[in-house]
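Data file: query_15.txt. Format and content: compact mmCIF, C-alpha atoms.
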# COMPACT_ATOMS: atom_id res chain seq x y z
CA MET A 1 142.20 105.61 126.73
CA PRO A 2 141.41 106.21 123.05
CA ARG A 3 142.04 103.29 120.72
CA SER A 4 142.94 103.28 117.07
CA ARG A 5 140.87 101.68 114.36
CA LYS A 6 141.50 97.97 113.97
CA CYS A 7 140.62 95.55 111.26
CA PRO A 8 139.52 91.98 112.09
CA SER A 9 142.84 90.42 111.11
CA SER A 10 145.17 92.97 112.71
CA VAL A 11 148.11 92.16 114.97
CA ARG A 12 149.78 94.73 117.24
CA CYS A 13 153.41 94.35 118.21
CA LYS A 14 155.29 96.11 121.02
CA CYS A 15 156.88 98.70 118.73
CA GLY A 16 153.51 100.04 117.53
CA PHE A 17 153.36 98.38 114.11
CA LEU A 18 149.93 97.19 113.08
CA TYR A 19 149.92 94.34 110.61
CA CYS A 20 146.71 94.48 108.63
CA SER A 21 145.51 92.52 105.63
CA ASP A 22 143.80 95.59 104.16
CA LYS A 23 144.81 95.24 100.50
CA LYS A 24 143.87 98.83 99.62
CA GLN A 25 146.36 100.25 102.15
CA LEU A 26 149.14 97.94 100.93
CA ALA A 27 148.35 98.73 97.28
CA SER A 28 148.58 102.48 97.99
CA VAL A 29 152.02 102.15 99.59
CA LEU A 30 153.17 99.90 96.74
CA ASN A 31 152.03 102.50 94.19
CA VAL A 32 154.20 105.10 95.92
CA LYS A 33 157.23 102.81 95.99
CA GLU A 34 156.90 101.53 92.43
CA SER A 35 156.54 104.98 90.84
CA LYS A 36 158.51 108.21 91.03
CA ALA A 37 155.98 109.42 93.62
CA PHE A 38 158.40 108.52 96.44
CA GLU A 39 160.41 111.64 95.52
CA ARG A 40 157.32 113.79 96.25
CA THR A 41 156.16 111.85 99.32
CA VAL A 42 156.83 112.56 103.00
CA VAL A 43 156.20 110.46 106.10
CA VAL A 44 154.19 112.26 108.78
CA ALA A 45 154.36 110.82 112.31
CA GLY A 46 152.84 111.88 115.63
CA LEU A 47 149.21 112.10 114.52
CA PRO A 48 146.65 112.14 117.37
CA VAL A 49 145.36 108.56 117.16
CA GLY A 50 141.86 108.05 118.56
CA ARG A 51 140.87 111.73 118.82
CA PHE A 52 139.40 111.85 115.30
CA ASN A 53 137.99 109.35 112.88
CA ASP A 54 140.16 108.42 109.90
CA LEU A 55 138.40 110.68 107.39
CA SER A 56 138.55 113.77 109.64
CA LEU A 57 142.22 113.24 110.42
CA THR A 58 143.05 112.74 106.73
CA THR A 59 141.29 116.05 105.94
CA LEU A 60 143.22 117.88 108.69
CA VAL A 61 146.53 116.52 107.41
CA LYS A 62 145.72 117.53 103.83
CA ARG A 63 144.72 121.06 104.87
CA HIS A 64 147.89 121.48 106.92
CA PHE A 65 150.22 120.53 104.07
CA GLN A 66 148.33 122.57 101.48
CA ASP A 67 148.82 125.71 103.56
CA THR A 68 151.65 127.89 102.21
CA LYS A 69 152.37 129.06 105.78
CA ASN A 70 153.60 125.50 106.41
CA GLU A 71 155.73 125.58 103.22
CA GLY A 72 153.02 123.36 101.67
CA GLY A 73 151.47 123.13 98.23
CA VAL A 74 149.14 121.00 96.13
CA VAL A 75 148.59 117.61 97.78
CA GLU A 76 147.90 114.72 95.41
CA ASN A 77 147.19 112.03 97.98
CA VAL A 78 147.13 111.28 101.70
CA ILE A 79 147.47 107.64 102.76
CA TYR A 80 145.94 107.12 106.20
CA PRO A 81 145.57 104.96 108.23
CA THR A 82 148.72 102.93 107.62
CA ARG A 83 150.11 99.87 109.37
CA THR A 84 152.20 102.15 111.59
CA MET A 85 150.23 103.80 114.38
CA GLY A 86 149.85 107.57 113.98
CA VAL A 87 151.69 107.71 110.65
CA ALA A 88 150.46 109.00 107.28
CA TYR A 89 152.04 109.32 103.82
CA VAL A 90 151.51 112.64 102.02
CA THR A 91 152.29 112.93 98.29
CA PHE A 92 152.68 116.40 96.75
CA LYS A 93 152.33 117.41 93.13
CA GLU A 94 155.84 118.86 93.11
CA LYS A 95 159.07 117.43 94.51
CA LYS A 96 160.20 120.92 95.58
CA VAL A 97 157.21 121.28 97.94
CA ALA A 98 158.08 117.99 99.67
CA GLU A 99 161.64 119.21 100.20
CA ASN A 100 160.43 122.56 101.59
CA VAL A 101 158.04 120.84 103.99
CA ILE A 102 160.87 118.66 105.34
CA ARG A 103 163.18 121.68 105.75
CA LYS A 104 160.61 123.42 107.95
CA LYS A 105 161.71 122.57 111.49
CA LYS A 106 158.34 122.50 113.27
CA HIS A 107 154.87 121.40 112.14
CA TYR A 108 151.76 121.69 114.29
CA LEU A 109 148.64 120.04 112.89
CA ALA A 110 146.03 122.68 113.78
CA GLU A 111 145.21 125.08 116.59
CA LYS A 112 141.98 123.33 117.57
CA VAL A 113 143.81 120.01 117.88
CA GLY A 114 146.17 121.42 120.49
CA PRO A 115 149.96 121.71 120.67
CA ILE A 116 150.72 118.47 118.82
CA GLN A 117 154.03 118.58 116.98
CA LEU A 118 154.43 116.38 113.93
CA THR A 119 157.57 114.68 112.68
CA VAL A 120 158.07 114.95 108.92
CA SER A 121 160.70 112.90 107.08
CA HIS A 122 161.55 111.56 103.62
CA PHE A 123 159.75 108.53 102.25
CA SER A 124 162.55 106.02 101.66
CA GLU A 125 162.63 104.35 98.23
CA LYS A 126 165.10 101.64 99.19
CA VAL A 127 163.81 100.48 102.53
CA LEU A 128 166.16 97.59 103.15
CA ILE A 129 169.19 96.00 101.62
CA SER A 130 169.67 94.61 98.18
CA VAL A 131 170.14 90.83 98.10
CA ASN A 132 172.76 88.98 96.05
CA ALA A 133 172.12 85.39 94.95
CA ILE A 134 174.07 82.91 92.83
CA LEU A 135 171.86 80.55 90.82
CA ASP A 136 172.81 77.23 89.29
CA LEU A 137 170.56 76.91 86.23
CA SER A 138 172.36 73.86 84.85
CA VAL A 139 169.46 71.63 85.96
CA PHE A 140 167.32 73.35 83.31
CA ARG A 141 169.84 72.84 80.52
CA GLY A 142 168.10 69.87 78.88
CA PRO A 143 164.59 71.18 78.06
CA PHE A 144 165.63 74.52 76.51
CA PRO A 145 168.67 76.83 76.09
CA LEU A 146 169.59 78.62 79.32
CA GLU A 147 169.94 81.92 77.45
CA ILE A 148 166.22 81.81 76.67
CA LEU A 149 165.42 81.03 80.32
CA VAL A 150 167.48 84.02 81.50
CA ARG A 151 165.85 86.29 78.92
CA ASP A 152 162.38 85.22 80.11
CA LEU A 153 163.32 85.85 83.75
CA LYS A 154 164.64 89.33 82.88
CA ASN A 155 161.36 90.19 81.14
CA LYS A 156 159.24 88.78 83.98
CA ILE A 157 161.18 90.52 86.80
CA PRO A 158 162.79 93.65 85.28
CA SER A 159 163.86 95.02 88.68
CA LEU A 160 166.53 92.31 89.01
CA CYS A 161 170.11 92.70 87.74
CA PHE A 162 171.64 89.61 86.10
CA SER A 163 175.35 88.99 85.51
CA PRO A 164 176.50 87.29 82.29
CA LEU A 165 175.62 83.58 82.20
CA GLU A 166 178.64 81.33 82.85
CA GLN A 167 179.35 78.18 80.83
CA ASN A 168 178.63 75.95 83.84
CA GLY A 169 175.11 77.43 84.10
CA ARG A 170 175.78 79.70 87.07
CA ILE A 171 174.57 83.30 87.15
CA SER A 172 174.63 86.05 89.77
CA VAL A 173 171.43 87.98 90.51
CA GLN A 174 170.94 91.17 92.54
CA GLY A 175 167.73 92.86 93.66
CA SER A 176 165.28 93.39 96.51
CA PHE A 177 164.39 90.45 98.72
CA LEU A 178 160.83 90.37 97.37
CA ALA A 179 162.11 90.32 93.77
CA ILE A 180 164.49 87.46 94.61
CA LYS A 181 161.60 85.64 96.27
CA LYS A 182 159.51 86.09 93.12
CA LEU A 183 162.41 84.68 91.09
CA LYS A 184 162.57 81.64 93.35
CA GLU A 185 158.84 81.02 92.96
CA SER A 186 159.14 81.31 89.17
CA LEU A 187 162.00 78.80 89.03
CA LEU A 188 160.20 76.38 91.36
CA PHE A 189 157.14 76.58 89.11
CA LYS A 190 159.26 75.79 86.05
CA ALA A 191 160.92 72.92 87.92
CA SER A 192 157.59 71.42 88.99
CA SER A 193 156.25 71.78 85.44
CA LEU A 194 159.26 69.93 84.07
CA LEU A 195 158.89 67.22 86.68
CA GLU A 196 155.22 66.75 85.81
CA LYS A 197 156.08 66.64 82.09
CA ASN A 198 158.78 64.03 82.70
CA ARG A 199 156.37 61.92 84.74
CA SER A 200 153.89 62.05 81.86
CA CYS A 201 156.63 61.01 79.43
CA ILE A 202 157.64 58.09 81.65
CA SER A 203 154.02 57.01 82.06
CA GLU A 204 153.42 57.21 78.30
CA GLY A 205 156.67 55.33 77.65
CA GLU A 206 155.67 52.50 79.98
CA LYS A 207 152.30 52.27 78.27
CA ARG A 208 153.92 52.00 74.82
CA SER A 209 156.47 49.45 76.06
CA ARG A 210 153.67 47.18 77.26
CA GLN A 211 151.99 47.46 73.88
CA SER A 212 155.20 46.86 71.87
CA PRO A 213 157.69 44.53 73.61
CA ARG A 214 159.86 44.29 70.48
CA ARG A 215 160.36 48.08 70.40
CA SER A 216 161.26 48.00 74.07
CA LEU A 217 163.80 45.24 73.51
CA GLN A 218 165.35 47.15 70.61
CA ARG A 219 165.64 50.27 72.80
CA SER A 220 167.38 48.17 75.47
CA ASN A 221 169.84 46.71 72.95
CA ASN A 222 170.74 50.19 71.74
CA SER A 223 171.50 51.19 75.39
CA LEU A 224 169.13 54.15 75.33
CA GLU A 225 168.32 55.52 78.78
CA SER A 226 164.76 56.13 79.88
CA PRO A 227 163.78 59.76 80.47
CA ARG A 228 165.03 61.24 83.76
CA SER A 229 163.97 64.33 85.61
CA SER A 230 166.44 67.20 85.49
CA VAL A 231 164.95 68.56 88.72
CA PRO A 232 167.31 68.26 91.74
CA GLU A 233 166.64 65.42 94.18
CA THR A 234 165.92 67.90 96.98
CA ALA A 235 163.13 69.43 94.91
CA ARG A 236 161.61 65.98 94.34
CA ARG A 237 161.73 64.99 98.00
CA GLY A 238 160.67 68.45 99.16
CA GLU A 239 162.22 70.51 101.92
CA THR A 240 159.53 69.36 104.35
CA ALA A 241 161.20 65.93 104.53
CA ARG A 242 163.79 67.38 106.95
CA CYS A 243 161.51 69.68 108.94
CA GLY A 244 157.88 70.66 109.11
CA GLU A 245 158.05 73.94 107.17
CA THR A 246 160.97 75.98 105.85
CA LEU A 247 160.86 79.76 105.60
CA VAL A 248 163.48 82.11 104.11
CA LEU A 249 163.55 85.75 105.27
CA GLU A 250 165.76 88.77 104.85
CA THR A 251 168.02 88.82 107.93
CA ASP A 252 167.20 92.43 108.87
CA VAL A 253 163.46 91.70 108.77
CA PHE A 254 163.99 88.47 110.74
CA LEU A 255 165.96 90.24 113.49
CA TYR A 256 163.31 92.97 113.74
CA LEU A 257 160.61 90.30 113.83
CA LYS A 258 162.33 88.64 116.81
CA LYS A 259 162.87 91.93 118.63
CA ASN A 260 159.28 93.17 118.64
CA GLY A 261 157.87 90.10 120.43
CA PHE A 262 155.65 88.83 117.61
CA TYR A 263 158.06 86.00 116.79
CA GLU A 264 158.25 84.45 120.27
CA SER A 265 154.57 84.96 121.07
CA THR A 266 153.56 83.15 117.85
CA LEU A 267 155.83 80.19 118.65
CA LYS A 268 154.30 79.86 122.12
CA LYS A 269 150.75 80.23 120.85
CA PHE A 270 151.08 77.36 118.36
CA HIS A 271 153.54 75.25 120.42
CA VAL A 272 156.20 75.10 117.73
CA LEU A 273 159.99 75.28 117.74
CA CYS A 274 162.25 77.00 115.23
CA GLN A 275 165.77 76.24 114.10
CA GLU A 276 167.35 79.38 112.64
CA ARG A 277 170.33 79.58 110.30
CA VAL A 278 171.64 83.09 109.61
CA GLU A 279 173.78 83.29 106.47
CA GLY A 280 174.66 86.93 105.86
CA GLU A 281 171.70 88.75 104.32
CA ILE A 282 169.45 85.66 104.34
CA THR A 283 168.03 83.68 107.29
CA THR A 284 166.47 80.22 106.93
CA ILE A 285 163.95 79.09 109.54
CA CYS A 286 162.90 75.47 110.07
CA ILE A 287 159.51 75.28 111.83
CA LYS A 288 158.58 72.09 113.71
CA ASN A 289 155.95 71.12 116.27
CA ALA A 290 157.33 71.16 119.82
CA ARG A 291 156.01 67.67 120.57
CA ASP A 292 154.27 64.73 118.94
CA GLY A 293 150.50 64.74 118.64
CA LEU A 294 150.12 68.40 117.66
CA PRO A 295 148.28 69.19 114.41
CA PRO A 296 150.76 69.35 111.48
CA ASN A 297 148.77 72.33 110.23
CA ASN A 298 150.30 74.37 113.09
CA GLU A 299 153.63 74.53 111.28
CA LYS A 300 152.00 75.79 108.10
CA LEU A 301 149.96 78.42 109.98
CA VAL A 302 153.07 79.77 111.73
CA LYS A 303 154.89 79.99 108.40
CA GLU A 304 151.97 81.91 106.86
CA TYR A 305 151.85 84.33 109.84
CA PHE A 306 155.57 85.03 109.60
CA GLU A 307 155.42 85.46 105.81
CA LYS A 308 152.54 87.94 105.94
CA TYR A 309 154.01 89.95 108.80
CA ALA A 310 157.48 90.01 107.23
CA HIS A 311 155.94 91.15 103.93
CA ALA A 312 154.21 94.03 105.74
CA LEU A 313 157.43 94.99 107.55
CA HIS A 314 159.35 95.09 104.29
CA PHE A 315 157.26 98.07 103.17
CA GLU A 316 157.30 99.81 106.55
CA LEU A 317 160.91 99.50 107.69
CA ARG A 318 163.74 101.81 106.83
CA LYS A 319 167.43 101.10 107.33
CA GLU A 320 170.08 103.71 108.04
CA THR A 321 173.75 102.63 108.05
CA PHE A 322 176.50 104.60 109.79
CA ASP A 323 179.85 103.70 108.26
CA LEU A 324 182.78 103.49 110.69
CA GLU A 325 185.48 102.63 108.17
CA GLY A 326 187.99 105.36 107.35
CA LYS A 327 187.14 107.35 110.49
CA GLU A 328 189.56 108.18 113.28
CA LYS A 329 189.42 106.17 116.51
CA ARG A 330 187.96 109.09 118.48
CA GLU A 331 185.23 109.73 115.91
CA ARG A 332 184.28 106.02 115.81
CA GLY A 333 184.08 106.02 119.59
CA ASN A 334 181.83 109.09 119.64
CA ILE A 335 179.44 107.53 117.10
CA LYS A 336 179.27 104.22 119.02
CA LEU A 337 178.75 105.96 122.36
CA ALA A 338 175.98 108.16 120.96
CA CYS A 339 174.24 105.15 119.36
CA GLU A 340 174.43 103.18 122.60
CA GLN A 341 172.88 106.03 124.58
CA LEU A 342 170.04 106.54 122.08
CA SER A 343 169.39 102.81 121.61
CA LEU A 344 168.34 102.59 125.27
CA ARG A 345 165.69 105.23 124.65
CA TYR A 346 164.52 103.68 121.37
CA HIS A 347 164.86 100.01 122.39
CA GLN A 348 161.14 99.28 121.89
CA LYS A 349 160.95 101.02 118.51
CA LEU A 350 164.25 100.44 116.74
CA LEU A 351 166.70 97.63 116.13
CA VAL A 352 170.29 98.84 116.50
CA ASN A 353 172.97 96.41 115.30
CA PHE A 354 176.62 97.12 116.06
CA TYR A 355 179.27 95.74 113.71
CA LYS A 356 183.02 96.28 113.43
CA THR A 357 182.75 98.36 110.26
CA HIS A 358 179.30 99.94 110.60
CA ILE A 359 176.12 100.39 112.68
CA ASP A 360 172.65 99.59 111.30
CA ILE A 361 169.50 101.35 112.53
CA ILE A 362 166.25 99.62 111.51
CA GLY A 363 162.69 100.73 112.20
CA SER A 364 159.87 102.90 110.91
CA SER A 365 160.85 105.82 108.70
CA SER A 366 159.79 108.40 111.30
CA ASP A 367 161.66 106.70 114.19
CA VAL A 368 164.84 106.24 112.16
CA TYR A 369 164.65 109.90 111.12
CA SER A 370 164.28 111.02 114.76
CA PHE A 371 167.12 108.73 115.87
CA LYS A 372 169.46 110.06 113.17
CA LYS A 373 168.58 113.67 114.01
CA GLU A 374 169.32 113.17 117.73
CA LEU A 375 172.44 111.17 116.92
CA MET A 376 173.93 113.99 114.84
CA LYS A 377 173.20 116.40 117.67
CA LEU A 378 174.90 114.15 120.26
CA ILE A 379 177.94 113.63 118.04
CA ARG A 380 178.35 117.39 117.58
CA GLN A 381 178.14 117.92 121.35
CA THR A 382 180.70 115.20 122.19
CA GLY A 383 183.00 116.39 119.41
CA ARG A 384 183.44 119.85 120.95
Rewrite the structure of this file - the entire thing - as structure tokens.
Amino acid sequence: MPRSRKCPSSVRCKCGFLYCSDKKQLASVLNVKESKAFERTVVVAGLPVGRFNDLSLTTLVKRHFQDTKNEGGVVENVIYPTRTMGVAYVTFKEKKVAENVIRKKKHYLAEKVGPIQLTVSHFSEKVLISVNAILDLSVFRGPFPLEILVRDLKNKIPSLCFSPLEQNGRISVQGSFLAIKKLKESLLFKASSLLEKNRSCISEGEKRSRQSPRRSLQRSNNSLESPRSSVPETARRGETARCGETLVLETDVFLYLKKNGFYESTLKKFHVLCQERVEGEITTICIKNARDGLPPNNEKLVKEYFEKYAHALHFELRKETFDLEGKEKRERGNIKLACEQLSLRYHQKLLVNFYKTHIDIIGSSSDVYSFKKELMKLIRQTGR
């Protein structure tokens, strides 16, 4: 059986995703997402993995989508291989060409390859949900004005949306999970810097007090307090005091991570246990060794594996939401029934979450596209 190219640090999960630490591949996908190129980019699935080397297959894909018979045009870039098996990203020079290619119902790669039909869909700009967070910046009030801190954060992470700063130091922030994570790291760095600075001040103060007892006595008589850290107590103790390692993930990514088998297999491999707390869009995971005597480094390794894999999934997954609110009872029933039928067929590829007000479909762009296409067809048939 032909096998796809693997890199030394790759991990294959049941749904066909390949996590790879190839920075060039990740950088290429990031360039598409961070520029307007996503409007001119399509996702091509169903490529014959293993029958050609990467370069030959990339050339075939480029030729196919440059052919006007296939509604194609000038191709700027082809990203292949990607972390999803048999999937490539094709970026055209013009947005109109990408739209025409998607409208064409059937694509066959080439005659010499055989009757292999490709699935072509939009490249999704917003892959997953936007995260809302409420920050309490009052702990930073002493060292510098909070308005300056907020201004610096806005300049450092322009993709985030900040609400007006409240008098109590609270502020609401909205953005992608990765942007929120970057914000957290920035604030933790500032907090640790302040803590280190305060420690230096305390150390210097103790040194001066030993050299000048009279000055120390005078300070005591005037009831002046010694410098204190404005960093919260939890930050000083560290989260690891309560459990081995703590990891925060986007809930959709976490649920997909659990579904595809990578999560459970990693826990068994390193003999660790996880306590999970799902709070809306965010899930917190506490990672601990299953028994005493195991290397404490196990917990850190598991956290790093989950972080890297979740980071890769964030750029590969697409989420489609079917809203049930405002629809008649019969129409809601038809949508739910159709989703249930299709979810059995796609159970290894997609995560289908049923809620009272909506249904979420999460998976690769090509699989979500195929699911949606079949779903619309089923709904039309049941609605007759």
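Note that the spacing between atom CA of His314 of chain A and atom CA of Asp252 of chain A amounts to 9.5 Å.
Nearest residue to Tyr309 of chain A, choosing from A:Leu273, A:Ile285, A:Val253, A:Ile361 and counting all atoms listed in the file: A:Val253.
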Check your understanding: Can you tell me, as a ChimeraX atom specification, what residues are no more than 12 Å from segment 373-375 of chain A when counting only C-alpha atoms, ignoring any on the same chain fewer than 3 positions away?
Key -> /A:105,119-121,320,322,334-343,345-346,361,366-370,378-382
Check your understanding: Taking into account only C-alpha atoms, which residue in the set A:Val74, A:Leu55, A:Leu146, A:Ala88 is nearest to Val43 of chain A?
Key -> A:Ala88
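In this structure, atom CA of Leu267 of chain A sits 21.9 Å away from atom CA of Glu279 of chain A.
Of the listed residues A:Arg103, A:Arg318, A:Lys303, A:His311, the one whose atoms come nearest to Asp360 of chain A is A:Arg318, with distances taken using all atoms listed in the file.
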Exercise for review: Find the residues around Val173 of chain A up to 10 Å (only C-alpha atoms counted), leave out those fewer than 2 positions away in its own chain, and share them as number ranges by chain.
Suggested key: A: 131-135, 160-164, 170-171, 175, 180, 183
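Distances here use all atoms listed in the file; by that measure, the residue among A:Lys349, A:Lys182, A:His122, A:Arg277 closest to Tyr256 of chain A is A:Lys349.
The interatomic distance for the pair atom CA of Arg51 of chain A and atom CA of Gly261 of chain A works out to 27.6 Å.
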Study note, to complete from the structure: Counting only C-alpha atoms, closest pick from A:Ile148, A:Leu351, A:Ile116, A:Val278 relative to Thr251 of chain A is A:Val278
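Nearest-residue note for Val90 of chain A: choosing from A:Lys62, A:Lys104, A:His271, A:Lys377, the minimum distance belongs to A:Lys62, counting all atoms listed in the file.
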Kindly output segment 48-62 of chain A as an mmCIF file, in the coordinates of the input, after building N, CA, C and O atoms.
data_model
loop_
_atom_site.group_PDB
_atom_site.id
_atom_site.type_symbol
_atom_site.label_atom_id
_atom_site.label_comp_id
_atom_site.auth_asym_id
_atom_site.auth_seq_id
_atom_site.Cartn_x
_atom_site.Cartn_y
_atom_site.Cartn_z
ATOM 1 N N PRO A 48 147.425 112.451 116.165
ATOM 2 C CA PRO A 48 146.650 112.140 117.370
ATOM 3 C C PRO A 48 145.685 110.970 117.160
ATOM 4 O O PRO A 48 144.514 111.158 116.797
ATOM 5 N N VAL A 49 146.169 109.770 117.370
ATOM 6 C CA VAL A 49 145.360 108.560 117.160
ATOM 7 C C VAL A 49 144.225 108.492 118.171
ATOM 8 O O VAL A 49 144.425 108.683 119.365
ATOM 9 N N GLY A 50 143.009 108.233 117.682
ATOM 10 C CA GLY A 50 141.860 108.050 118.560
ATOM 11 C C GLY A 50 141.052 109.296 118.831
ATOM 12 O O GLY A 50 139.914 109.221 119.288
ATOM 13 N N ARG A 51 141.598 110.480 118.541
ATOM 14 C CA ARG A 51 140.870 111.730 118.820
ATOM 15 C C ARG A 51 139.950 112.125 117.675
ATOM 16 O O ARG A 51 139.041 112.926 117.847
ATOM 17 N N PHE A 52 140.226 111.581 116.481
ATOM 18 C CA PHE A 52 139.400 111.850 115.300
ATOM 19 C C PHE A 52 139.195 110.550 114.546
ATOM 20 O O PHE A 52 139.983 109.617 114.664
ATOM 21 N N ASN A 53 138.135 110.512 113.753
ATOM 22 C CA ASN A 53 137.990 109.350 112.880
ATOM 23 C C ASN A 53 138.967 109.505 111.712
ATOM 24 O O ASN A 53 139.544 110.570 111.489
ATOM 25 N N ASP A 54 139.141 108.440 110.952
ATOM 26 C CA ASP A 54 140.160 108.420 109.900
ATOM 27 C C ASP A 54 139.955 109.506 108.848
ATOM 28 O O ASP A 54 140.898 110.172 108.411
ATOM 29 N N LEU A 55 138.698 109.692 108.439
ATOM 30 C CA LEU A 55 138.400 110.680 107.390
ATOM 31 C C LEU A 55 138.702 112.098 107.858
ATOM 32 O O LEU A 55 139.306 112.899 107.129
ATOM 33 N N SER A 56 138.315 112.428 109.103
ATOM 34 C CA SER A 56 138.550 113.770 109.640
ATOM 35 C C SER A 56 140.046 114.056 109.769
ATOM 36 O O SER A 56 140.513 115.149 109.427
ATOM 37 N N LEU A 57 140.791 113.054 110.244
ATOM 38 C CA LEU A 57 142.220 113.240 110.420
ATOM 39 C C LEU A 57 142.926 113.388 109.075
ATOM 40 O O LEU A 57 143.844 114.208 108.925
ATOM 41 N N THR A 58 142.485 112.634 108.088
ATOM 42 C CA THR A 58 143.050 112.740 106.730
ATOM 43 C C THR A 58 142.820 114.143 106.171
ATOM 44 O O THR A 58 143.712 114.738 105.553
ATOM 45 N N THR A 59 141.615 114.690 106.402
ATOM 46 C CA THR A 59 141.290 116.050 105.940
ATOM 47 C C THR A 59 142.164 117.088 106.615
ATOM 48 O O THR A 59 142.667 118.026 105.970
ATOM 49 N N LEU A 60 142.370 116.939 107.945
ATOM 50 C CA LEU A 60 143.220 117.880 108.690
ATOM 51 C C LEU A 60 144.661 117.855 108.174
ATOM 52 O O LEU A 60 145.296 118.904 108.013
ATOM 53 N N VAL A 61 145.154 116.664 107.913
ATOM 54 C CA VAL A 61 146.530 116.520 107.410
ATOM 55 C C VAL A 61 146.658 117.185 106.036
ATOM 56 O O VAL A 61 147.621 117.908 105.765
ATOM 57 N N LYS A 62 145.673 116.947 105.177
ATOM 58 C CA LYS A 62 145.720 117.530 103.830
ATOM 59 C C LYS A 62 145.680 119.055 103.889
ATOM 60 O O LYS A 62 146.450 119.736 103.186
#
